[in-house]
file model04.txt (compact mmCIF, C-alpha atoms and all ligand atoms)
# COMPACT_ATOMS: atom_id res chain seq x y z
CA MET A 1 86.23 115.88 59.96
CA ASN A 2 88.91 113.78 61.56
CA GLU A 3 92.39 114.92 60.83
CA THR A 4 95.66 113.27 61.78
CA ILE A 5 98.84 115.28 61.99
CA PRO A 6 101.51 113.27 60.15
CA VAL A 7 104.26 114.49 62.42
CA SER A 8 105.87 111.07 62.71
CA THR A 9 106.97 111.08 59.08
CA ALA A 10 109.06 114.19 59.71
CA LEU A 11 110.85 112.73 62.70
CA PRO A 12 114.57 112.02 62.56
CA LYS A 13 115.32 108.29 62.86
CA GLU A 14 116.95 108.52 66.27
CA ALA A 15 113.91 110.26 67.86
CA CYS A 16 112.71 108.35 70.88
CA ALA A 17 109.32 106.73 70.75
CA SER A 18 108.19 108.39 73.98
CA CYS A 19 109.22 111.97 73.27
CA ALA A 20 106.50 114.56 72.88
CA LEU A 21 106.89 114.89 69.12
CA ALA A 22 106.43 111.19 68.50
CA ARG A 23 103.49 111.21 70.89
CA ASN A 24 101.91 114.09 68.97
CA ALA A 25 101.47 111.68 66.07
CA ARG A 26 98.77 110.14 68.22
CA LEU A 27 96.58 113.25 68.16
CA ILE A 28 93.35 113.02 66.24
CA LYS A 29 91.21 116.13 66.19
CA LEU A 30 87.58 115.22 66.73
CA GLY A 31 85.87 118.57 66.15
CA VAL A 32 82.47 118.59 67.83
CA GLU A 33 82.52 114.85 68.59
CA ILE A 34 82.62 114.76 72.36
CA GLU A 35 80.56 111.70 73.26
CA GLY A 36 81.97 109.17 75.65
CA TRP A 37 84.98 111.14 76.79
CA ASP A 38 87.53 109.76 79.26
CA TYR A 39 88.95 113.10 80.40
CA LEU A 40 87.47 116.58 80.71
CA VAL A 41 89.93 119.45 80.19
CA ALA A 42 89.19 123.12 80.89
CA LEU A 43 91.04 125.99 79.19
CA ALA A 44 91.24 128.87 81.65
CA GLY A 45 93.24 132.09 81.70
CA ASN A 46 93.21 135.87 81.62
CA PRO A 47 91.48 137.56 78.65
CA ASN A 48 93.35 137.47 75.32
CA THR A 49 96.06 134.94 76.23
CA GLY A 50 95.38 132.49 73.37
CA LYS A 51 92.91 130.03 74.95
CA SER A 52 90.74 129.76 71.83
CA THR A 53 93.85 129.42 69.66
CA VAL A 54 94.94 126.42 71.76
CA PHE A 55 91.37 125.08 71.60
CA ASN A 56 91.38 125.28 67.80
CA ALA A 57 94.80 123.64 67.54
CA LEU A 58 93.61 120.63 69.54
CA THR A 59 90.07 120.17 68.24
CA GLY A 60 90.35 121.42 64.65
CA LEU A 61 87.40 123.74 65.30
CA ARG A 62 87.32 127.45 64.49
CA GLN A 63 86.49 129.28 67.67
CA HIS A 64 86.55 133.03 67.25
CA THR A 65 89.99 134.50 67.92
CA GLY A 66 91.33 138.03 67.56
CA ASN A 67 93.56 140.51 69.27
CA TRP A 68 91.26 142.08 71.84
CA PRO A 69 90.00 140.78 75.17
CA GLY A 70 86.51 139.39 75.77
CA LYS A 71 85.90 137.49 72.50
CA THR A 72 84.80 134.25 74.10
CA VAL A 73 81.70 134.93 76.20
CA THR A 74 80.21 131.48 76.71
CA ARG A 75 81.90 128.12 76.92
CA ALA A 76 82.65 126.15 73.76
CA GLU A 77 83.23 122.42 73.67
CA GLY A 78 85.22 120.20 71.34
CA GLY A 79 87.01 116.90 71.33
CA PHE A 80 90.26 115.18 70.50
CA LEU A 81 91.72 111.72 70.74
CA TYR A 82 95.22 111.33 72.13
CA GLU A 83 97.03 108.06 72.75
CA GLY A 84 93.78 106.17 72.68
CA ARG A 85 91.94 108.43 75.16
CA ARG A 86 89.03 110.67 74.34
CA TYR A 87 89.19 114.20 75.67
CA LYS A 88 86.44 116.78 75.93
CA LEU A 89 88.00 120.24 75.81
CA VAL A 90 86.14 123.30 77.12
CA ASP A 91 87.18 126.79 75.99
CA LEU A 92 86.24 129.40 78.60
CA PRO A 93 85.88 133.19 78.60
CA GLY A 94 88.93 135.02 79.95
CA THR A 95 88.96 135.91 83.63
CA TYR A 96 91.32 137.78 85.94
CA SER A 97 90.11 136.07 89.06
CA LEU A 98 87.82 133.47 90.61
CA LEU A 99 86.86 135.90 93.35
CA SER A 100 85.56 139.19 91.98
CA THR A 101 83.95 138.18 88.73
CA SER A 102 82.07 140.13 86.08
CA VAL A 103 79.15 138.39 84.32
CA ASP A 104 81.37 136.92 81.55
CA GLU A 105 83.90 135.83 84.11
CA GLU A 106 81.24 133.97 86.09
CA VAL A 107 80.89 131.42 83.28
CA ALA A 108 84.59 130.64 83.62
CA ARG A 109 84.56 130.67 87.42
CA ASP A 110 81.59 128.30 87.65
CA PHE A 111 83.17 125.81 85.29
CA ILE A 112 86.58 125.89 86.96
CA LEU A 113 85.04 125.45 90.41
CA PHE A 114 82.06 123.21 89.80
CA GLY A 115 82.50 121.66 86.34
CA GLN A 116 84.88 119.04 87.76
CA PRO A 117 87.47 119.10 84.98
CA THR A 118 90.04 116.29 85.14
CA VAL A 119 92.73 118.81 84.20
CA THR A 120 92.64 122.62 84.13
CA VAL A 121 95.03 124.16 81.62
CA VAL A 122 95.79 127.77 82.54
CA VAL A 123 96.92 129.66 79.44
CA VAL A 124 99.13 132.55 80.52
CA ASP A 125 100.60 135.48 78.60
CA ALA A 126 104.40 135.23 78.88
CA THR A 127 104.71 139.00 78.40
CA ARG A 128 102.45 139.72 81.40
CA LEU A 129 103.41 136.95 83.73
CA GLU A 130 103.04 138.81 87.02
CA ARG A 131 99.46 139.80 86.23
CA ASN A 132 98.60 136.30 84.99
CA LEU A 133 99.95 134.48 88.04
CA ASN A 134 97.11 135.84 90.20
CA LEU A 135 94.64 133.47 88.54
CA VAL A 136 97.16 130.60 88.41
CA LEU A 137 97.64 130.77 92.18
CA GLN A 138 93.89 130.95 92.80
CA ILE A 139 93.34 127.84 90.67
CA LEU A 140 96.18 125.98 92.41
CA GLU A 141 94.31 126.57 95.68
CA ILE A 142 91.35 124.48 94.51
CA THR A 143 92.82 121.74 92.32
CA ASP A 144 96.09 119.87 91.90
CA ARG A 145 95.46 118.81 88.32
CA VAL A 146 96.82 121.86 86.57
CA VAL A 147 99.05 122.47 83.56
CA VAL A 148 100.35 125.97 82.85
CA CYS A 149 100.56 126.80 79.15
CA LEU A 150 103.11 129.62 78.91
CA ASN A 151 101.88 131.11 75.65
CA LEU A 152 103.02 134.02 73.45
CA ILE A 153 106.66 133.05 73.95
CA ASP A 154 107.44 134.66 70.56
CA GLU A 155 106.09 138.00 71.82
CA ALA A 156 108.10 137.66 75.02
CA GLU A 157 111.27 137.02 73.02
CA ARG A 158 110.52 140.00 70.81
CA HIS A 159 110.44 142.13 73.96
CA GLY A 160 113.75 140.65 75.12
CA LEU A 161 112.09 138.61 77.88
CA LYS A 162 113.48 135.20 78.74
CA ILE A 163 111.49 133.06 81.13
CA ASP A 164 113.04 130.26 83.17
CA GLU A 165 110.09 127.89 82.81
CA ARG A 166 111.76 125.15 84.82
CA ALA A 167 112.20 127.41 87.83
CA LEU A 168 108.58 128.52 87.38
CA ALA A 169 107.40 124.89 87.25
CA ARG A 170 109.38 124.14 90.41
CA SER A 171 107.86 127.02 92.36
CA LEU A 172 104.32 126.38 91.13
CA GLY A 173 104.60 122.60 91.48
CA VAL A 174 102.89 121.88 88.15
CA PRO A 175 104.13 121.45 84.56
CA VAL A 176 104.85 124.72 82.71
CA ILE A 177 104.91 124.32 78.92
CA PRO A 178 106.19 127.19 76.73
CA THR A 179 104.13 127.57 73.54
CA VAL A 180 103.52 129.71 70.48
CA ALA A 181 99.97 128.46 69.99
CA ARG A 182 99.39 130.41 66.78
CA LYS A 183 102.19 128.45 65.11
CA GLY A 184 101.50 125.18 66.92
CA GLN A 185 104.86 125.36 68.70
CA GLY A 186 104.89 123.49 72.01
CA VAL A 187 101.51 121.88 71.34
CA PRO A 188 102.98 118.32 71.34
CA GLU A 189 104.60 118.99 74.72
CA LEU A 190 101.36 120.52 76.02
CA LEU A 191 99.40 117.42 75.00
CA ALA A 192 101.91 115.13 76.67
CA ALA A 193 101.70 117.15 79.90
CA ILE A 194 97.87 117.17 79.86
CA SER A 195 97.83 113.42 79.34
CA ASP A 196 100.40 112.77 82.09
CA VAL A 197 98.55 114.91 84.63
CA ALA A 198 95.16 113.40 83.64
CA SER A 199 96.39 109.83 84.01
CA GLY A 200 98.28 110.56 87.21
CA ALA A 201 101.62 109.64 85.59
CA TYR A 202 102.78 113.12 86.58
CA VAL A 203 102.03 113.90 90.20
CA THR A 204 101.83 117.64 90.81
CA ARG A 205 102.69 119.43 94.06
CA PRO A 206 100.73 122.67 93.74
CA HIS A 207 101.93 125.78 95.55
CA ARG A 208 99.44 126.65 98.31
CA ILE A 209 99.17 129.32 100.92
CA ARG A 210 99.04 127.57 104.29
CA SER A 211 98.75 130.30 106.85
CA LEU A 212 95.12 130.03 107.92
CA ASP A 213 94.44 130.74 111.55
CA PRO A 214 93.25 127.56 113.38
CA GLN A 215 90.01 129.22 114.41
CA VAL A 216 89.30 130.28 110.83
CA THR A 217 90.08 126.73 109.66
CA ARG A 218 87.57 125.29 112.16
CA THR A 219 84.86 127.75 111.09
CA VAL A 220 85.49 127.09 107.40
CA ASP A 221 85.31 123.33 107.96
CA ARG A 222 82.04 123.59 109.91
CA LEU A 223 80.40 125.78 107.29
CA ALA A 224 81.73 123.60 104.45
CA ALA A 225 80.09 120.55 106.05
CA GLU A 226 76.73 122.35 106.09
CA ILE A 227 77.10 123.41 102.46
CA GLU A 228 77.94 119.82 101.59
CA ALA A 229 74.73 118.64 103.27
CA THR A 230 72.66 121.18 101.33
CA PHE A 231 74.38 120.59 97.99
CA PRO A 232 75.41 116.94 97.97
CA GLY A 233 78.31 116.29 95.62
CA LEU A 234 79.19 119.97 95.25
CA PRO A 235 82.97 120.31 94.77
CA ASN A 236 85.07 122.94 96.52
CA THR A 237 82.76 123.51 99.48
CA ARG A 238 85.63 125.01 101.52
CA TRP A 239 86.11 127.64 98.82
CA VAL A 240 82.37 128.43 98.95
CA ALA A 241 82.53 128.59 102.76
CA MET A 242 85.38 131.10 102.61
CA ARG A 243 83.44 133.32 100.21
CA LEU A 244 80.44 133.29 102.55
CA LEU A 245 82.64 134.23 105.49
CA GLU A 246 84.05 137.10 103.43
CA GLY A 247 80.50 138.35 102.86
CA ASP A 248 80.35 137.65 99.11
CA GLU A 249 76.72 138.59 98.39
CA ARG A 250 76.55 136.89 95.01
CA ILE A 251 77.64 133.53 96.37
CA ALA A 252 75.18 133.96 99.26
CA GLU A 253 72.41 134.68 96.75
CA ALA A 254 73.33 131.60 94.69
CA ILE A 255 73.06 129.54 97.88
CA ARG A 256 69.67 131.03 98.76
CA ARG A 257 68.35 130.24 95.30
CA ARG A 258 70.07 126.85 95.37
CA GLU A 259 71.65 127.62 92.03
CA LEU A 260 75.17 127.02 93.20
CA GLY A 261 77.17 124.59 91.13
CA ASP A 262 74.40 123.67 88.69
CA LEU A 263 77.22 122.34 86.55
CA SER A 264 78.43 119.84 89.08
CA ARG A 265 75.11 118.09 89.53
CA GLY A 266 74.54 116.07 86.38
CA GLU A 267 73.45 112.69 87.66
CA ARG A 268 73.70 113.95 91.20
CA VAL A 269 70.70 116.20 90.71
CA GLU A 270 68.39 113.80 92.55
CA PRO A 271 69.62 114.18 96.12
CA VAL A 272 69.18 117.93 95.80
CA GLN A 273 65.66 117.59 94.51
CA GLU A 274 64.81 115.05 97.18
CA ARG A 275 65.99 117.47 99.80
CA LEU A 276 63.96 120.27 98.30
CA ALA A 277 60.88 118.04 98.19
CA LEU A 278 61.43 117.09 101.81
CA GLU A 279 61.64 120.70 102.84
CA ALA A 280 58.56 121.63 100.85
CA ALA A 281 56.66 118.81 102.60
CA ARG A 282 57.49 120.17 106.06
CA MET B 1 95.98 168.60 101.94
CA ASP B 2 93.70 165.85 100.65
CA GLN B 3 95.39 162.90 99.04
CA GLN B 4 95.21 162.88 95.24
CA THR B 5 93.11 160.10 93.70
CA LEU B 6 93.40 158.28 90.37
CA ASN B 7 90.40 160.02 88.74
CA SER B 8 92.39 163.28 88.69
CA LEU B 9 95.17 161.81 86.53
CA LYS B 10 95.28 163.27 82.97
CA PRO B 11 95.94 161.12 79.88
CA GLY B 12 99.67 160.50 79.52
CA GLN B 13 100.39 161.12 83.21
CA ARG B 14 101.76 158.39 85.44
CA ALA B 15 101.34 157.74 89.13
CA VAL B 16 102.13 155.22 91.87
CA ILE B 17 99.23 153.73 93.81
CA LYS B 18 99.47 154.54 97.51
CA ALA B 19 96.28 153.04 98.98
CA LEU B 20 92.90 151.56 98.11
CA HIS B 21 89.99 153.18 99.90
CA ALA B 22 87.61 150.32 99.27
CA GLN B 23 86.46 147.30 101.23
CA GLY B 24 85.29 143.79 100.60
CA LEU B 25 84.52 142.65 97.08
CA GLU B 26 85.17 146.11 95.65
CA ARG B 27 88.70 146.08 97.04
CA ARG B 28 89.19 142.53 95.83
CA ARG B 29 88.12 143.54 92.30
CA LEU B 30 90.66 146.36 92.17
CA MET B 31 93.43 144.03 93.34
CA ASP B 32 92.39 141.33 90.85
CA LEU B 33 92.69 143.92 88.07
CA GLY B 34 96.30 144.40 89.20
CA LEU B 35 95.81 147.65 91.12
CA LEU B 36 97.83 147.26 94.31
CA PRO B 37 99.79 149.76 96.40
CA GLY B 38 103.14 150.31 94.68
CA THR B 39 101.80 149.63 91.17
CA VAL B 40 102.62 152.27 88.54
CA VAL B 41 99.62 153.28 86.40
CA MET B 42 99.25 155.58 83.43
CA ALA B 43 96.01 157.24 82.28
CA GLU B 44 95.50 156.36 78.59
CA LEU B 45 92.10 157.20 77.13
CA VAL B 46 89.03 158.96 78.36
CA SER B 47 85.82 157.72 76.78
CA PRO B 48 83.65 160.31 74.97
CA LEU B 49 81.38 160.78 77.96
CA GLY B 50 84.33 161.14 80.32
CA ASP B 51 83.61 157.87 82.07
CA PRO B 52 85.08 155.23 82.16
CA THR B 53 88.78 155.97 81.69
CA ALA B 54 91.30 153.39 80.49
CA TYR B 55 94.51 153.01 82.49
CA LEU B 56 97.62 151.06 81.61
CA VAL B 57 98.18 148.67 84.51
CA ARG B 58 100.83 145.94 84.47
CA GLY B 59 100.89 145.84 80.67
CA THR B 60 97.12 145.75 80.13
CA LEU B 61 94.48 148.44 79.59
CA VAL B 62 91.96 148.43 82.40
CA ALA B 63 88.78 150.52 82.20
CA LEU B 64 87.68 152.07 85.48
CA ARG B 65 84.60 154.08 86.32
CA GLN B 66 85.01 157.31 88.30
CA GLU B 67 83.35 155.65 91.23
CA GLN B 68 86.24 153.17 91.29
CA SER B 69 89.13 155.47 90.38
CA ARG B 70 88.28 158.01 93.07
CA ARG B 71 88.85 155.31 95.69
CA ILE B 72 92.47 154.87 94.64
CA ALA B 73 94.97 157.17 96.32
CA ILE B 74 98.00 158.00 94.17
CA GLU B 75 101.21 159.96 94.07
CA PRO B 76 102.03 161.36 90.60
CA VAL B 77 105.34 160.32 89.04
CA LEU B 78 107.16 163.50 88.02
CA GLU B 79 108.75 163.61 84.57
CA GLU B 80 112.33 164.07 85.84
CA GLU B 81 112.05 160.91 87.99
CA ARG B 82 111.46 158.76 84.92
N1 LIG A 301 102.19 136.14 68.54
C1 LIG A 301 101.36 135.25 69.02
N2 LIG A 301 100.02 135.46 68.95
C2 LIG A 301 99.21 134.53 69.46
C3 LIG A 301 99.67 133.35 70.06
N3 LIG A 301 98.60 132.63 70.49
C4 LIG A 301 97.52 133.34 70.15
N4 LIG A 301 97.85 134.49 69.52
C5 LIG A 301 96.99 135.56 69.05
O1 LIG A 301 96.51 136.23 70.19
C6 LIG A 301 95.20 136.74 69.96
C7 LIG A 301 94.25 136.24 71.06
O2 LIG A 301 94.05 134.84 70.91
P1 LIG A 301 92.70 134.13 71.35
O3 LIG A 301 92.93 132.67 71.15
O4 LIG A 301 91.53 134.74 70.71
O5 LIG A 301 92.71 134.49 72.90
P2 LIG A 301 91.63 134.08 74.03
O6 LIG A 301 92.44 133.80 75.27
O7 LIG A 301 90.74 133.01 73.56
O8 LIG A 301 90.86 135.46 74.22
P3 LIG A 301 89.42 135.75 74.96
O9 LIG A 301 88.48 134.67 74.57
O10 LIG A 301 89.02 137.08 74.45
O11 LIG A 301 89.74 135.76 76.42
C8 LIG A 301 94.82 136.27 68.57
O12 LIG A 301 95.07 137.34 67.68
C9 LIG A 301 95.76 135.10 68.33
O13 LIG A 301 96.03 134.90 66.95
C10 LIG A 301 101.09 133.16 70.15
O14 LIG A 301 101.61 132.18 70.70
N5 LIG A 301 101.88 134.14 69.61
MG MG A 302 88.69 132.96 73.48
call {"tool": "encode", "arguments": {"input": "model04.txt", "output": "structure tokens"}}
result
Amino acid sequence: MNETIPVSTALPKEACASCALARNARLIKLGVEIEGWDYLVALAGNPNTGKSTVFNALTGLRQHTGNWPGKTVTRAEGGFLYEGRRYKLVDLPGTYSLLSTSVDEEVARDFILFGQPTVTVVVVDATRLERNLNLVLQILEITDRVVVCLNLIDEAERHGLKIDERALARSLGVPVIPTVARKGQGVPELLAAISDVASGAYVTRPHRIRSLDPQVTRTVDRLAAEIEATFPGLPNTRWVAMRLLEGDERIAEAIRRRELGDLSRGERVEPVQERLALEAAR
Amino acid sequence: MDQQTLNSLKPGQRAVIKALHAQGLERRRLMDLGLLPGTVVMAELVSPLGDPTAYLVRGTLVALRQEQSRRIAIEPVLEEER
């Protein structure tokens, strides 16, 4: 089911070899072939922002899309090859937040926090930017490998909205790529940005809130160290520590049942089981 | 006089959020849905059983149960102010 986009044939002669359009010629959609990937990319964002449309454009698959929120309820996986690297792309259910999640949203939250994506692409609705930035800022708190896909630019224009994406990229500290995913507009630029952030060619400087009280910082660090000891290899232990300090019952329950970050274990499942066996033997 | 809360808003009416009378995760949820003091909301549709009600908040319809909407203090926006 491989499919190459013959974009290069349509290029004007003077087009530079390194520009996004020329680079797009190096996209090969791999459908469900995801074995042996080099980079893992997550598609996150509020409900109904075009995540599955972007997923389909890159993998050639046909994830369910439509104009109402909540269509994607579990994660879908697909692959593509770009400039000689294999990517596994994960389409997630829409979520407004990493903090107060509904059941559908938990799938997305768990993957963003514990799935260890190389790059997280946050697909945002250009017509509802203020609302969408809540999730963007939460994700920037936990990872620096982020690309913002500023989608539905056509809708924004129709409403007379003009977004200064360069100013937005400067304040967020990560690439912001305007797209009309349904028409494939901006997809070459999006691919180039994903690749540059994945390889480290583009070094991001994510916007973070740095006003934690020193005493809170100490407590968070101490608790995070204990979580780390209980769940070896678990990413984002400081985030988990902060939720516990806030009294988040569901995170506390996941800790009690040792279910936290099931996704992050993979080959690291052994230390956890060893620990459990040790405790059972006591 | 008691402060008016969001559950009393009729379809088509608009109001400004004044305060959230909720704590912890419940408060967080409301804020994550875009309901913060100063936000303008409009009641849109009431479901057949009267609960939940859909409100237009920051360009998106958000469904709230009574038990959530009665924790949101509002001040109605009068027609002539629009
Ligand atoms: N006008 C316009 N429509 C778009 C664009 N991108 C996606 N859409 C449409 O927006 C709707 C939602 O797209 P989806 O890809 O299903 O959105 P999603 O983020 O996966 O939605 P959930 O899985 O429900 O969270 C669909 O009707 C798409 O065809 C775009 O750039 N412009
Ligand atoms: Mg979807």
call {"tool": "closest_residue", "arguments": {"input": "model04.txt", "among": "A:Asn56, A:Thr143, A:Leu30, A:Gly78", "to": "Leu113 of chain A", "atoms": "only C-alpha atoms"}}
result
A:Thr143
call {"tool": "closest_residue", "arguments": {"input": "model04.txt", "among": "A:Glu165, A:Glu130, A:Asp110, A:Asp221", "to": "chain B", "atoms": "only C-alpha atoms"}}
result
A:Glu130
call {"tool": "residues_around", "arguments": {"input": "model04.txt", "residues": "Thr204 of chain A", "least_positions_apart": "4", "cutoff": "9 Å", "atoms": "only C-alpha atoms", "output": "ChimeraX atom specification"}}
result
/A:144-146,173-175,197,200
call {"tool": "write_last_selection", "arguments": {"input": "model04.txt", "atoms": "C-alpha atoms", "output": "PDB file, in the frame of the given file"}}
result
ATOM      1  CA  ASP A 144      96.090 119.870  91.900  1.00  0.00           C
ATOM      2  CA  ARG A 145      95.460 118.810  88.320  1.00  0.00           C
ATOM      3  CA  VAL A 146      96.820 121.860  86.570  1.00  0.00           C
ATOM      4  CA  GLY A 173     104.600 122.600  91.480  1.00  0.00           C
ATOM      5  CA  VAL A 174     102.890 121.880  88.150  1.00  0.00           C
ATOM      6  CA  PRO A 175     104.130 121.450  84.560  1.00  0.00           C
ATOM      7  CA  VAL A 197      98.550 114.910  84.630  1.00  0.00           C
ATOM      8  CA  GLY A 200      98.280 110.560  87.210  1.00  0.00           C
TER       9      GLY A 200
END
call {"tool": "closest_atom_pairs", "arguments": {"input": "model04.txt", "of": "chain A", "to": "ligand MG 302 (chain A)", "cutoff": "10 Å", "atoms": "only C-alpha atoms and all ligand atoms", "output": "JSON lines"}}
result
{"residue": "A:Leu43", "atom": "CA", "partner": "A:MG302", "partner_atom": "MG", "distance": 9.3}
{"residue": "A:Ala44", "atom": "CA", "partner": "A:MG302", "partner_atom": "MG", "distance": 9.5}
{"residue": "A:Gly45", "atom": "CA", "partner": "A:MG302", "partner_atom": "MG", "distance": 9.4}
{"residue": "A:Asn46", "atom": "CA", "partner": "A:MG302", "partner_atom": "MG", "distance": 9.8}
{"residue": "A:Pro47", "atom": "CA", "partner": "A:MG302", "partner_atom": "MG", "distance": 7.5}
{"residue": "A:Asn48", "atom": "CA", "partner": "A:MG302", "partner_atom": "MG", "distance": 6.7}
{"residue": "A:Thr49", "atom": "CA", "partner": "A:MG302", "partner_atom": "MG", "distance": 8.1}
{"residue": "A:Gly50", "atom": "CA", "partner": "A:MG302", "partner_atom": "MG", "distance": 6.7}
{"residue": "A:Lys51", "atom": "CA", "partner": "A:MG302", "partner_atom": "MG", "distance": 5.3}
{"residue": "A:Ser52", "atom": "CA", "partner": "A:MG302", "partner_atom": "MG", "distance": 4.1}
{"residue": "A:Thr53", "atom": "CA", "partner": "A:MG302", "partner_atom": "MG", "distance": 7.3}
{"residue": "A:Val54", "atom": "CA", "partner": "A:MG302", "partner_atom": "MG", "distance": 9.2}
{"residue": "A:Phe55", "atom": "CA", "partner": "A:MG302", "partner_atom": "MG", "distance": 8.5}
{"residue": "A:Asn56", "atom": "CA", "partner": "A:MG302", "partner_atom": "MG", "distance": 9.9}
{"residue": "A:Gln63", "atom": "CA", "partner": "A:MG302", "partner_atom": "MG", "distance": 7.2}
{"residue": "A:His64", "atom": "CA", "partner": "A:MG302", "partner_atom": "MG", "distance": 6.6}
{"residue": "A:Thr65", "atom": "CA", "partner": "A:MG302", "partner_atom": "MG", "distance": 5.9}
{"residue": "A:Gly66", "atom": "CA", "partner": "A:MG302", "partner_atom": "MG", "distance": 8.2}
{"residue": "A:Asn67", "atom": "CA", "partner": "A:MG302", "partner_atom": "MG", "distance": 9.9}
{"residue": "A:Trp68", "atom": "CA", "partner": "A:MG302", "partner_atom": "MG", "distance": 9.6}
{"residue": "A:Pro69", "atom": "CA", "partner": "A:MG302", "partner_atom": "MG", "distance": 8.1}
{"residue": "A:Gly70", "atom": "CA", "partner": "A:MG302", "partner_atom": "MG", "distance": 7.2}
{"residue": "A:Lys71", "atom": "CA", "partner": "A:MG302", "partner_atom": "MG", "distance": 5.4}
{"residue": "A:Thr72", "atom": "CA", "partner": "A:MG302", "partner_atom": "MG", "distance": 4.1}
{"residue": "A:Val73", "atom": "CA", "partner": "A:MG302", "partner_atom": "MG", "distance": 7.8}
{"residue": "A:Thr74", "atom": "CA", "partner": "A:MG302", "partner_atom": "MG", "distance": 9.2}
{"residue": "A:Arg75", "atom": "CA", "partner": "A:MG302", "partner_atom": "MG", "distance": 9.0}
{"residue": "A:Ala76", "atom": "CA", "partner": "A:MG302", "partner_atom": "MG", "distance": 9.1}
{"residue": "A:Asp91", "atom": "CA", "partner": "A:MG302", "partner_atom": "MG", "distance": 6.8}
{"residue": "A:Leu92", "atom": "CA", "partner": "A:MG302", "partner_atom": "MG", "distance": 6.7}
{"residue": "A:Pro93", "atom": "CA", "partner": "A:MG302", "partner_atom": "MG", "distance": 5.8}
{"residue": "A:Gly94", "atom": "CA", "partner": "A:MG302", "partner_atom": "MG", "distance": 6.8}
call {"tool": "write_last_selection", "arguments": {"input": "model04.txt", "atoms": "C-alpha atoms", "output": "PDB file, in the coordinates of the input"}}
result
ATOM      1  CA  LEU A  43      91.040 125.990  79.190  1.00  0.00           C
ATOM      2  CA  ALA A  44      91.240 128.870  81.650  1.00  0.00           C
ATOM      3  CA  GLY A  45      93.240 132.090  81.700  1.00  0.00           C
ATOM      4  CA  ASN A  46      93.210 135.870  81.620  1.00  0.00           C
ATOM      5  CA  PRO A  47      91.480 137.560  78.650  1.00  0.00           C
ATOM      6  CA  ASN A  48      93.350 137.470  75.320  1.00  0.00           C
ATOM      7  CA  THR A  49      96.060 134.940  76.230  1.00  0.00           C
ATOM      8  CA  GLY A  50      95.380 132.490  73.370  1.00  0.00           C
ATOM      9  CA  LYS A  51      92.910 130.030  74.950  1.00  0.00           C
ATOM     10  CA  SER A  52      90.740 129.760  71.830  1.00  0.00           C
ATOM     11  CA  THR A  53      93.850 129.420  69.660  1.00  0.00           C
ATOM     12  CA  VAL A  54      94.940 126.420  71.760  1.00  0.00           C
ATOM     13  CA  PHE A  55      91.370 125.080  71.600  1.00  0.00           C
ATOM     14  CA  ASN A  56      91.380 125.280  67.800  1.00  0.00           C
ATOM     15  CA  GLN A  63      86.490 129.280  67.670  1.00  0.00           C
ATOM     16  CA  HIS A  64      86.550 133.030  67.250  1.00  0.00           C
ATOM     17  CA  THR A  65      89.990 134.500  67.920  1.00  0.00           C
ATOM     18  CA  GLY A  66      91.330 138.030  67.560  1.00  0.00           C
ATOM     19  CA  ASN A  67      93.560 140.510  69.270  1.00  0.00           C
ATOM     20  CA  TRP A  68      91.260 142.080  71.840  1.00  0.00           C
ATOM     21  CA  PRO A  69      90.000 140.780  75.170  1.00  0.00           C
ATOM     22  CA  GLY A  70      86.510 139.390  75.770  1.00  0.00           C
ATOM     23  CA  LYS A  71      85.900 137.490  72.500  1.00  0.00           C
ATOM     24  CA  THR A  72      84.800 134.250  74.100  1.00  0.00           C
ATOM     25  CA  VAL A  73      81.700 134.930  76.200  1.00  0.00           C
ATOM     26  CA  THR A  74      80.210 131.480  76.710  1.00  0.00           C
ATOM     27  CA  ARG A  75      81.900 128.120  76.920  1.00  0.00           C
ATOM     28  CA  ALA A  76      82.650 126.150  73.760  1.00  0.00           C
ATOM     29  CA  ASP A  91      87.180 126.790  75.990  1.00  0.00           C
ATOM     30  CA  LEU A  92      86.240 129.400  78.600  1.00  0.00           C
ATOM     31  CA  PRO A  93      85.880 133.190  78.600  1.00  0.00           C
ATOM     32  CA  GLY A  94      88.930 135.020  79.950  1.00  0.00           C
TER      33      GLY A  94
END
call {"tool": "interface_residues", "arguments": {"input": "model04.txt", "of": "chain B", "to": "chain A", "cutoff": "8 Å", "atoms": "all atoms listed in the file", "output": "list in words"}}
result
Gly24, Leu25, Glu26, Arg28, Arg29, Asp32, Leu33, Gly34, Arg58 and Gly59 of chain B
call {"tool": "write_last_selection", "arguments": {"input": "model04.txt", "atoms": "C-alpha atoms", "output": "PDB file, in the frame of the given file"}}
result
ATOM      1  CA  GLY B  24      85.290 143.790 100.600  1.00  0.00           C
ATOM      2  CA  LEU B  25      84.520 142.650  97.080  1.00  0.00           C
ATOM      3  CA  GLU B  26      85.170 146.110  95.650  1.00  0.00           C
ATOM      4  CA  ARG B  28      89.190 142.530  95.830  1.00  0.00           C
ATOM      5  CA  ARG B  29      88.120 143.540  92.300  1.00  0.00           C
ATOM      6  CA  ASP B  32      92.390 141.330  90.850  1.00  0.00           C
ATOM      7  CA  LEU B  33      92.690 143.920  88.070  1.00  0.00           C
ATOM      8  CA  GLY B  34      96.300 144.400  89.200  1.00  0.00           C
ATOM      9  CA  ARG B  58     100.830 145.940  84.470  1.00  0.00           C
ATOM     10  CA  GLY B  59     100.890 145.840  80.670  1.00  0.00           C
TER      11      GLY B  59
END
call {"tool": "closest_residue", "arguments": {"input": "model04.txt", "among": "B:Ala54, B:Leu35, B:Leu30, B:Val16", "to": "Val77 of chain B", "atoms": "all atoms listed in the file"}}
result
B:Val16
call {"tool": "atom_distance", "arguments": {"input": "model04.txt", "atom1": "atom CA of Glu106 of chain A", "atom2": "atom CA of Pro235 of chain A"}}
result
16.3 Å
